[in-house]
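A.B. asks: Pasting my_file-v7.tsv here (TSV, C-alpha atoms):
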```tsv
chain	number	residue	atom	x	y	z
A	1	MET	CA	0.00	0.00	0.00
A	2	PRO	CA	1.56	3.38	-0.93
A	3	GLN	CA	2.21	5.84	1.83
A	4	PRO	CA	-0.73	8.18	2.28
A	5	PRO	CA	-0.12	11.47	0.53
A	6	MET	CA	-1.41	13.40	3.55
A	7	PRO	CA	0.81	16.45	4.12
A	8	ILE	CA	2.70	16.21	7.38
A	9	PRO	CA	2.32	19.42	9.35
A	10	LEU	CA	5.45	21.16	10.49
A	11	ALA	CA	6.41	20.21	13.98
A	12	GLN	CA	5.65	22.91	16.48
A	13	SER	CA	7.87	21.51	19.25
A	14	PRO	CA	10.62	18.87	19.66
A	15	ASP	CA	8.07	16.49	21.28
A	16	ALA	CA	5.68	16.85	18.35
A	17	ALA	CA	8.53	16.26	15.91
A	18	GLU	CA	9.48	13.06	17.72
A	19	ALA	CA	5.85	11.86	17.64
A	20	LEU	CA	5.69	12.48	13.90
A	21	LEU	CA	8.88	10.52	13.38
A	22	ARG	CA	7.46	7.62	15.36
A	23	ARG	CA	4.31	7.66	13.21
A	24	ALA	CA	6.44	7.63	10.06
A	25	ASP	CA	8.29	4.56	11.40
A	26	LEU	CA	4.99	2.79	12.05
A	27	LEU	CA	3.75	3.54	8.56
A	28	ALA	CA	6.96	2.23	7.07
A	29	ALA	CA	6.58	-0.99	9.05
A	30	LEU	CA	3.11	-1.70	7.61
A	31	PRO	CA	3.11	-4.66	5.23
A	32	ARG	CA	2.50	-3.66	1.68
A	33	ALA	CA	1.93	-5.59	-1.52
A	34	ALA	CA	5.23	-5.83	-3.32
A	35	ALA	CA	4.89	-4.94	-6.98
A	36	PRO	CA	5.54	-8.11	-9.01
A	37	PRO	CA	8.68	-7.87	-11.09
A	38	VAL	CA	8.13	-7.29	-14.76
A	39	ARG	CA	10.18	-9.44	-17.08
A	40	PRO	CA	13.09	-7.45	-18.50
A	41	THR	CA	12.79	-7.79	-22.26
A	42	GLY	CA	15.56	-9.41	-24.23
A	43	LEU	CA	17.51	-10.60	-21.20
A	44	MET	CA	16.37	-14.14	-20.42
A	45	PRO	CA	14.28	-16.48	-22.55
A	46	ARG	CA	11.16	-17.56	-20.69
A	47	GLU	CA	11.97	-21.24	-21.20
A	48	ALA	CA	15.19	-20.83	-19.17
A	49	ALA	CA	13.49	-19.18	-16.20
A	50	GLU	CA	12.67	-20.95	-12.93
A	51	ASP	CA	9.03	-21.66	-12.06
A	52	ASP	CA	8.95	-18.98	-9.34
A	53	THR	CA	10.29	-16.35	-11.73
A	54	LEU	CA	7.74	-17.34	-14.37
A	55	MET	CA	4.95	-17.05	-11.81
A	56	ALA	CA	6.16	-13.58	-10.80
A	57	TRP	CA	6.13	-12.53	-14.46
A	58	ALA	CA	2.67	-14.11	-14.89
A	59	ALA	CA	1.45	-12.12	-11.87
A	60	ALA	CA	2.63	-8.99	-13.66
A	61	GLY	CA	0.50	-9.96	-16.68
A	62	ASP	CA	2.94	-11.99	-18.79
A	63	ARG	CA	0.60	-14.60	-20.30
A	64	ALA	CA	3.39	-16.20	-22.33
A	65	ALA	CA	5.35	-16.89	-19.12
A	66	PHE	CA	2.33	-18.76	-17.78
A	67	GLY	CA	2.16	-20.67	-21.07
A	68	VAL	CA	5.68	-21.96	-20.40
A	69	LEU	CA	4.50	-23.26	-17.02
A	70	VAL	CA	1.61	-25.08	-18.69
A	71	ALA	CA	3.98	-26.68	-21.21
A	72	ARG	CA	6.41	-27.64	-18.43
A	73	HIS	CA	3.98	-29.10	-15.89
A	74	GLY	CA	0.86	-29.86	-17.91
A	75	GLU	CA	1.77	-33.48	-18.53
A	76	ARG	CA	2.07	-34.38	-14.85
A	77	ALA	CA	-1.14	-32.48	-14.03
A	78	LEU	CA	-2.95	-34.41	-16.76
A	79	ARG	CA	-1.48	-37.73	-15.65
A	80	ILE	CA	-2.43	-37.24	-12.00
A	81	ALA	CA	-5.97	-36.23	-12.93
A	82	LEU	CA	-6.29	-39.09	-15.40
A	83	ARG	CA	-5.15	-41.67	-12.86
A	84	VAL	CA	-7.57	-40.44	-10.23
A	85	LEU	CA	-10.53	-40.03	-12.60
A	86	GLY	CA	-9.80	-42.71	-15.21
A	87	ASN	CA	-11.47	-40.63	-17.88
A	88	ALA	CA	-9.42	-38.60	-20.38
A	89	GLU	CA	-12.02	-35.88	-21.02
A	90	GLU	CA	-12.63	-35.23	-17.34
A	91	ALA	CA	-8.88	-35.24	-16.68
A	92	GLU	CA	-8.39	-32.52	-19.30
A	93	GLU	CA	-11.16	-30.42	-17.76
A	94	VAL	CA	-9.67	-30.79	-14.29
A	95	ALA	CA	-6.13	-29.93	-15.43
A	96	GLN	CA	-7.45	-26.90	-17.30
A	97	GLU	CA	-9.40	-25.73	-14.24
A	98	ALA	CA	-6.29	-26.16	-12.05
A	99	PHE	CA	-4.17	-24.02	-14.38
A	100	LEU	CA	-6.87	-21.34	-14.63
A	101	ARG	CA	-7.10	-21.16	-10.84
A	102	ALA	CA	-3.30	-20.90	-10.69
A	103	TRP	CA	-3.43	-18.02	-13.20
A	104	GLN	CA	-6.11	-16.16	-11.24
A	105	ALA	CA	-4.15	-16.57	-8.00
A	106	ALA	CA	-0.72	-15.93	-9.54
A	107	ALA	CA	-0.29	-12.65	-7.66
A	108	SER	CA	-0.96	-14.36	-4.30
A	109	PHE	CA	1.50	-17.19	-4.94
A	110	ASP	CA	4.23	-17.07	-2.31
A	111	PRO	CA	7.31	-19.15	-3.24
A	112	ALA	CA	8.48	-18.95	0.38
A	113	ARG	CA	5.52	-21.11	1.44
A	114	ALA	CA	5.43	-23.82	-1.25
A	115	ARG	CA	7.01	-24.80	-4.55
A	116	PHE	CA	4.95	-23.96	-7.60
A	117	THR	CA	4.61	-27.63	-8.56
A	118	THR	CA	3.39	-28.60	-5.07
A	119	TRP	CA	0.85	-25.77	-5.17
A	120	LEU	CA	-0.37	-26.60	-8.70
A	121	HIS	CA	-0.57	-30.37	-8.31
A	122	ARG	CA	-2.30	-30.03	-4.95
A	123	ILE	CA	-5.02	-27.97	-6.68
A	124	THR	CA	-5.20	-30.61	-9.44
A	125	LEU	CA	-5.46	-33.51	-7.00
A	126	ASN	CA	-8.14	-31.82	-4.89
A	127	LEU	CA	-10.22	-31.03	-7.96
A	128	ALA	CA	-9.85	-34.59	-9.28
A	129	ILE	CA	-10.69	-36.21	-5.92
A	130	ASP	CA	-13.70	-33.92	-5.44
A	131	ARG	CA	-14.99	-34.70	-8.92
A	132	SER	CA	-14.46	-38.43	-8.42
A	133	ARG	CA	-16.42	-38.33	-5.17
A	134	ARG	CA	-19.20	-36.23	-6.67
A	135	ARG	CA	-19.55	-38.67	-9.51
A	136	GLY	CA	-20.29	-41.31	-6.91
A	137	LYS	CA	-18.25	-43.99	-8.58
A	138	ALA	CA	-14.59	-44.37	-9.27
A	139	VAL	CA	-12.73	-44.84	-12.49
A	140	ASN	CA	-14.81	-45.41	-15.59
A	141	ALA	CA	-13.66	-48.82	-16.60
A	142	ASP	CA	-15.27	-48.32	-19.99
A	143	GLU	CA	-14.59	-50.43	-23.03
A	144	GLU	CA	-12.25	-47.88	-24.59
A	145	ALA	CA	-10.07	-47.72	-21.47
A	146	LEU	CA	-9.93	-51.49	-21.20
A	147	ALA	CA	-9.00	-51.80	-24.87
A	148	ARG	CA	-6.21	-49.28	-24.34
A	149	LEU	CA	-4.90	-51.19	-21.34
A	150	ALA	CA	-4.91	-54.47	-23.21
A	151	ASP	CA	-1.80	-54.13	-25.36
A	152	PRO	CA	-1.18	-56.88	-27.87
A	153	ALA	CA	1.18	-59.52	-26.47
A	154	PRO	CA	2.96	-62.32	-28.35
A	155	GLY	CA	0.48	-65.11	-29.10
A	156	PRO	CA	-3.31	-64.84	-28.96
A	157	GLU	CA	-3.62	-66.87	-25.74
A	158	ALA	CA	-1.03	-64.81	-23.87
A	159	ALA	CA	-2.72	-61.66	-25.17
A	160	ALA	CA	-6.06	-62.81	-23.85
A	161	VAL	CA	-4.61	-63.61	-20.40
A	162	ALA	CA	-2.74	-60.29	-20.21
A	163	ALA	CA	-5.84	-58.37	-21.27
A	164	GLU	CA	-7.90	-60.16	-18.64
A	165	ASP	CA	-5.34	-59.34	-15.93
A	166	ARG	CA	-5.26	-55.71	-16.94
A	167	ALA	CA	-9.00	-55.47	-17.06
A	168	ALA	CA	-9.16	-56.97	-13.56
A	169	LEU	CA	-6.61	-54.44	-12.32
A	170	ALA	CA	-8.40	-51.52	-13.98
A	171	ASP	CA	-11.63	-52.68	-12.38
A	172	ALA	CA	-9.93	-53.06	-8.99
A	173	LEU	CA	-8.44	-49.55	-9.27
A	174	ALA	CA	-11.90	-48.23	-10.09
A	175	ARG	CA	-13.25	-49.64	-6.85
A	176	LEU	CA	-10.66	-47.96	-4.61
A	177	PRO	CA	-11.64	-44.84	-2.64
A	178	ALA	CA	-10.48	-41.69	-4.48
A	179	ARG	CA	-7.73	-40.79	-1.99
A	180	GLN	CA	-6.25	-44.29	-2.10
A	181	ARG	CA	-6.25	-44.15	-5.89
A	182	ALA	CA	-4.55	-40.75	-5.69
A	183	ALA	CA	-1.89	-42.22	-3.36
A	184	ILE	CA	-1.26	-45.03	-5.85
A	185	ALA	CA	-1.03	-42.53	-8.73
A	186	LEU	CA	1.58	-40.52	-6.83
A	187	ALA	CA	3.55	-43.59	-5.70
A	188	TYR	CA	4.10	-44.61	-9.32
A	189	GLU	CA	4.92	-41.06	-10.45
A	190	GLU	CA	8.57	-40.99	-11.47
A	191	GLY	CA	10.82	-38.53	-9.68
A	192	LEU	CA	8.34	-37.76	-6.90
A	193	SER	CA	9.56	-38.45	-3.37
A	194	GLY	CA	7.36	-39.73	-0.56
A	195	ALA	CA	7.60	-36.38	1.20
A	196	GLU	CA	6.47	-34.54	-1.95
A	197	ALA	CA	3.61	-36.98	-2.52
A	198	ALA	CA	2.49	-36.52	1.10
A	199	ALA	CA	2.62	-32.72	0.67
A	200	LEU	CA	0.43	-32.99	-2.44
A	201	LEU	CA	-2.19	-34.95	-0.53
A	202	ASP	CA	-1.75	-32.65	2.47
A	203	VAL	CA	-1.08	-35.56	4.83
A	204	SER	CA	1.93	-36.74	6.84
A	205	GLU	CA	4.27	-39.31	5.29
A	206	ARG	CA	2.97	-41.84	7.78
A	207	ALA	CA	-0.62	-41.21	6.71
A	208	LEU	CA	0.41	-41.58	3.06
A	209	GLU	CA	2.01	-44.95	3.88
A	210	GLY	CA	-1.28	-46.00	5.48
A	211	LEU	CA	-3.21	-45.02	2.35
A	212	LEU	CA	-0.78	-46.98	0.16
A	213	ARG	CA	-0.88	-50.05	2.39
A	214	ARG	CA	-4.67	-50.15	2.37
A	215	ALA	CA	-4.77	-49.53	-1.38
A	216	ARG	CA	-2.32	-52.34	-2.25
A	217	LEU	CA	-4.02	-54.72	0.14
A	218	MET	CA	-7.41	-54.01	-1.41
A	219	LEU	CA	-6.05	-54.29	-4.95
A	220	ARG	CA	-4.63	-57.74	-4.21
A	221	ARG	CA	-7.91	-58.87	-2.65
A	222	LEU	CA	-10.02	-57.49	-5.48
A	223	MET	CA	-7.80	-59.07	-8.12
A	224	THR	CA	-7.91	-62.49	-6.51
A	225	SER	CA	-11.64	-62.41	-5.74
B	1	MET	CA	11.07	-59.76	10.92
B	2	THR	CA	8.16	-62.14	10.39
B	3	PRO	CA	6.53	-62.87	7.01
B	4	SER	CA	3.41	-60.98	8.11
B	5	ARG	CA	5.46	-57.87	8.91
B	6	PHE	CA	7.26	-58.32	5.60
B	7	ALA	CA	3.90	-58.41	3.80
B	8	ARG	CA	3.01	-55.14	5.55
B	9	LEU	CA	6.32	-53.62	4.43
B	10	LEU	CA	5.59	-54.66	0.82
B	11	ASP	CA	2.09	-53.18	0.93
B	12	THR	CA	3.42	-49.93	2.36
B	13	HIS	CA	6.53	-49.38	0.26
B	14	GLY	CA	6.17	-51.62	-2.78
B	15	ALA	CA	8.48	-54.32	-4.08
B	16	ARG	CA	11.63	-52.26	-4.78
B	17	PRO	CA	14.13	-52.77	-1.92
B	18	GLU	CA	15.58	-49.29	-2.52
B	19	ALA	CA	12.19	-47.84	-1.53
B	20	TRP	CA	12.17	-49.67	1.82
B	21	PRO	CA	13.21	-47.78	4.96
B	22	THR	CA	16.94	-48.23	5.55
B	23	ALA	CA	16.43	-49.40	9.11
B	24	ARG	CA	14.28	-52.38	8.02
B	25	ARG	CA	15.93	-53.22	4.73
B	26	ALA	CA	18.71	-55.46	6.16
B	27	GLU	CA	16.16	-57.34	8.28
B	28	ALA	CA	13.90	-57.84	5.27
B	29	GLU	CA	16.76	-59.07	3.09
B	30	ALA	CA	17.83	-61.53	5.80
B	31	LEU	CA	14.24	-62.86	5.92
B	32	LEU	CA	14.26	-63.25	2.14
B	33	GLY	CA	17.40	-65.38	2.45
B	34	ARG	CA	15.78	-67.88	4.81
B	35	SER	CA	12.02	-67.83	4.07
B	36	ALA	CA	10.43	-69.26	0.94
B	37	GLU	CA	7.14	-67.63	1.95
B	38	ALA	CA	8.79	-64.19	2.00
B	39	ARG	CA	10.22	-64.83	-1.48
B	40	ARG	CA	6.74	-65.76	-2.73
B	41	GLN	CA	5.33	-62.56	-1.18
B	42	LEU	CA	8.05	-60.51	-2.88
B	43	ALA	CA	7.34	-62.12	-6.26
B	44	ALA	CA	3.62	-61.35	-5.87
B	45	ALA	CA	4.39	-57.73	-4.92
B	46	GLN	CA	6.70	-57.40	-7.94
B	47	ARG	CA	3.92	-58.68	-10.19
B	48	LEU	CA	1.50	-56.12	-8.71
B	49	ASP	CA	4.03	-53.29	-9.15
B	50	ALA	CA	4.68	-54.27	-12.77
B	51	ALA	CA	0.97	-54.64	-13.51
B	52	LEU	CA	0.23	-51.23	-11.98
B	53	GLU	CA	3.00	-49.57	-13.95
B	54	ARG	CA	1.49	-50.99	-17.13
B	55	ALA	CA	-2.13	-50.38	-16.20
B	56	LEU	CA	-1.95	-46.80	-14.92
B	57	PRO	CA	-3.03	-44.66	-17.89
B	58	GLN	CA	-0.79	-42.09	-19.56
B	59	PRO	CA	-2.06	-38.86	-21.14
B	60	SER	CA	-1.58	-38.60	-24.88
B	61	PRO	CA	0.60	-35.87	-26.46
B	62	ALA	CA	-2.58	-34.65	-28.18
B	63	ALA	CA	-4.21	-34.13	-24.76
B	64	LEU	CA	-1.26	-32.01	-23.62
B	65	ALA	CA	-1.42	-29.92	-26.81
B	66	ARG	CA	-5.17	-29.40	-26.29
B	67	LEU	CA	-4.59	-28.37	-22.67
B	68	GLN	CA	-1.96	-25.80	-23.68
B	69	ALA	CA	-4.20	-24.35	-26.38
B	70	ARG	CA	-7.28	-24.17	-24.14
B	71	VAL	CA	-5.46	-22.57	-21.20
B	72	ALA	CA	-3.82	-20.01	-23.54
B	73	ARG	CA	-7.24	-19.18	-25.04
B	74	GLU	CA	-8.90	-18.87	-21.62
B	75	ILE	CA	-6.24	-16.68	-20.03
B	76	ALA	CA	-6.17	-14.43	-23.11
B	77	ARG	CA	-9.83	-13.64	-22.30
B	78	SER	CA	-9.36	-13.53	-18.52
B	79	PRO	CA	-8.47	-10.43	-16.55
B	80	LEU	CA	-4.93	-10.14	-15.24
B	81	PRO	CA	-4.25	-11.83	-11.89
B	82	ALA	CA	-5.73	-9.75	-9.09
B	83	PRO	CA	-3.14	-8.32	-6.69
B	84	PRO	CA	-3.41	-9.82	-3.21
B	85	HIS	CA	-4.86	-7.87	-0.34
B	86	PRO	CA	-2.02	-5.94	1.35
B	87	TRP	CA	-2.62	-7.76	4.64
B	88	ALA	CA	-3.08	-11.21	3.09
B	89	HIS	CA	0.57	-12.17	3.32
B	90	ALA	CA	0.89	-10.79	6.83
B	91	TRP	CA	-2.12	-12.83	8.04
B	92	ALA	CA	-0.86	-15.93	6.28
B	93	ARG	CA	2.57	-15.56	7.84
B	94	LEU	CA	1.06	-14.94	11.28
B	95	GLY	CA	-1.08	-18.06	10.94
B	96	LEU	CA	1.92	-20.08	9.82
B	97	ALA	CA	4.04	-18.76	12.69
B	98	LEU	CA	1.37	-19.57	15.29
B	99	ARG	CA	0.54	-23.01	13.90
B	100	PRO	CA	3.11	-24.96	15.96
B	101	ALA	CA	1.77	-23.28	19.10
B	102	ALA	CA	-1.75	-24.45	18.39
B	103	PRO	CA	-2.57	-27.65	20.30
B	104	ALA	CA	-4.25	-30.58	18.62
B	105	GLY	CA	-7.99	-30.01	18.51
B	106	TYR	CA	-7.61	-26.29	18.98
B	107	GLY	CA	-10.99	-25.75	17.29
B	108	ALA	CA	-12.69	-27.66	20.09
B	109	LEU	CA	-10.60	-25.77	22.63
B	110	ALA	CA	-11.71	-22.45	21.14
B	111	ALA	CA	-15.36	-23.58	21.26
B	112	MET	CA	-14.98	-24.61	24.92
B	113	ALA	CA	-13.35	-21.29	25.78
B	114	THR	CA	-16.21	-19.42	24.07
B	115	CYS	CA	-18.80	-21.45	26.00
B	116	ALA	CA	-16.96	-20.86	29.28
B	117	LEU	CA	-16.81	-17.13	28.63
B	118	TRP	CA	-20.50	-17.01	27.73
B	119	LEU	CA	-21.52	-18.96	30.85
B	120	SER	CA	-19.40	-16.77	33.10
B	121	LEU	CA	-20.86	-13.57	31.63
B	122	ALA	CA	-24.48	-14.73	31.53
B	123	PRO	CA	-26.52	-13.31	34.47
B	124	SER	CA	-27.41	-15.95	37.03
B	125	PRO	CA	-31.17	-16.45	37.60
B	126	ALA	CA	-32.47	-14.51	40.58
B	127	VAL	CA	-33.30	-16.71	43.55
B	128	SER	CA	-36.12	-15.28	45.61
B	129	ASP	CA	-36.05	-16.37	49.23
B	130	PRO	CA	-35.84	-20.15	48.77
B	131	ILE	CA	-36.05	-20.76	52.52
B	132	GLY	CA	-39.23	-18.76	53.18
B	133	ASP	CA	-41.38	-20.71	50.72
B	134	PRO	CA	-40.28	-24.32	50.16
B	135	LEU	CA	-43.07	-24.89	47.60
B	136	ALA	CA	-42.11	-21.85	45.49
B	137	PRO	CA	-40.64	-23.91	42.62
B	138	LEU	CA	-43.95	-25.75	42.24
B	139	GLN	CA	-45.71	-22.47	41.46
B	140	THR	CA	-43.85	-22.25	38.20
B	141	LEU	CA	-45.04	-25.67	37.02
B	142	PRO	CA	-47.58	-25.52	34.20
B	143	LEU	CA	-50.66	-26.98	35.87
B	144	ALA	CA	-53.70	-27.85	33.84
B	145	GLU	CA	-56.78	-25.89	34.81
B	146	ASP	CA	-59.66	-27.71	36.39
B	147	PRO	CA	-62.18	-28.25	33.58
B	148	LEU	CA	-65.06	-28.22	36.05
```
Turn the structure described in the file into structure tokens.
C.D. replies:
Amino acid sequence: MPQPPMPIPLAQSPDAAEALLRRADLLAALPRAAAPPVRPTGLMPREAAEDDTLMAWAAAGDRAAFGVLVARHGERALRIALRVLGNAEEAEEVAQEAFLRAWQAAASFDPARARFTTWLHRITLNLAIDRSRRRGKAVNADEEALARLADPAPGPEAAAVAAEDRAALADALARLPARQRAAIALAYEEGLSGAEAAALLDVSERALEGLLRRARLMLRRLMTS
Amino acid sequence: MTPSRFARLLDTHGARPEAWPTARRAEAEALLGRSAEARRQLAAAQRLDAALERALPQPSPAALARLQARVAREIARSPLPAPPHPWAHAWARLGLALRPAAPAGYGALAAMATCALWLSLAPSPAVSDPIGDPLAPLQTLPLAEDPL
């Protein structure tokens, strides 16, 4: 917030002058919204900038900087949403919504509190889990998804067995509660540590381990039943 | 380590030994050396891991291209990001700083404190000479009138 332009009256006495100085100190100590840095043109290509820098430029209105973030992190956002929802169209809608929310809140993003990827993927996960719960059922184990899972294997018999196994697994995944499915999706996400996965789900690492244990146990039971 | 604890370890951390906690890895590997049941459990967990890695769906490159195009189109039409309220960061930082001091269940504690404050400030009901008239409380009872 800019300092108020109120004219400061001349001090009539040393005491009054001291009081005015104290008030000026207090005003200076007030928190104020820092102006987001504008990208200096011609100095650094956007693709070489860190996520936090790109977000600061986006907050200042640089839409192309935000586009770089979408290109950089869109695939993981889509994958997480797809693995929670099991439906490609819904996953695209959720990922798009997550990025639009990130754009709208770009000026409030504080890199001191969380990494951009943690912030973005947490939004994505929450949206996907909420949508999955609202839908009332889990992954859509539709024919198209099952056909995609059933890759051709050598020999028609082996192909049939593999396809059956995959269909059983897809069906078992569909029956898991949304948060357990999200934990599984994160556990098989390359380059994501347990601590990061727990931060995305907003739980402790111990709670994440509990989710994973219950999910694997249920998958094994569902596949053998 | 027993086979049942080993099964729990596999369910929690998966079949890759490098993902197991360091403190329990040596114990688990020793069990694998002497127990055929543990080896069977490990093989089953490896099959589940492999099946999951194959079965978990991957987004297509076309989906990523569509996402980029749609987000670019939407933000071109959207207003610029709104600047945060000047006090927003200060409140957020204060909340973050005070969080470790907050006890577990501090919401319930706050509710109890509010109730206690309300009860202590509420005026106590006036008691009018309870010794002089021992039947006084009965006079406040809603008695049905005699129909006759």
A.B. asks: Write out as a list in words each polymer residue whose atoms come within 8 Å of Gly67 (chain A), counting only C-alpha atoms; drop sequence neighbours fewer than 5 positions from it.
C.D. replies: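 Answer for this query is Gln68, Val71 and Ala72 of chain B.
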A.B. asks: Residues of chain A within 8 Å of chain B, using all atoms listed in the file, as an NGL selection string?
C.D. replies: :A and (1 or 31-33 or 58-61 or 63 or 67 or 70-71 or 74-75 or 78-79 or 82-83 or 86 or 88 or 92 or 95-96 or 99-100 or 103-108 or 149 or 166 or 169-170 or 185 or 188 or 209-210 or 212-214 or 216-217 or 220)
A.B. asks: So how many Å separate CA of His73 (chain A) and CA of Pro45 (chain A), to one decimal?
C.D. replies: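 Spanning CA of His73 (chain A) to CA of Pro45 (chain A) is a straight-line distance of 17.6 Å.
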A.B. asks: Work out how far CA of Asn87 (chain A) is from CA of Leu200 (chain A), in Å to one decimal.
C.D. replies: 20.9 Å
A.B. asks: So how many Å separate CA of Leu125 (chain A) and CA of Ile80 (chain A), to one decimal?
C.D. replies: 6.9 Å
A.B. asks: Pick from A:Arg115, A:His121, A:Arg221, A:Arg179: nearest to Thr53 (chain A), with all atoms listed in the file counted?
C.D. replies: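 For Thr53 (chain A), the nearest of the given residues is A:Arg115.
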A.B. asks: Write out as a PyMOL selection string each polymer residue whose atoms come within 12 Å of Arg122 (chain A), counting all atoms listed in the file; drop sequence neighbours fewer than 2 positions from it.
C.D. replies: chain A and resi 76-77+80-81+94-95+98-99+101-102+114-120+124-129+182+186+196-203
A.B. asks: Set the distance at 8 Å and use all atoms listed in the file: which residues neighbour Ala215 (chain A) once local chain neighbours fewer than 6 positions away are removed? I'd like the list as an MDAnalysis selection string.
C.D. replies: chainID A and resid 176 180:181 184
A.B. asks: For Ala187 (chain A), which of A:Ala56, A:Ala172, A:Leu208, A:Ala167 is the closest residue, counting all atoms listed in the file?
C.D. replies: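 Going through A:Ala56, A:Ala172, A:Leu208, A:Ala167 one by one, the smallest distance to Ala187 (chain A) is for A:Leu208.
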A.B. asks: Would you please work out which residue, of B:Ala28, B:Arg77, B:Leu94, B:Arg16, is nearest to Ala50 (chain B) when using only C-alpha atoms?
C.D. replies: B:Arg16
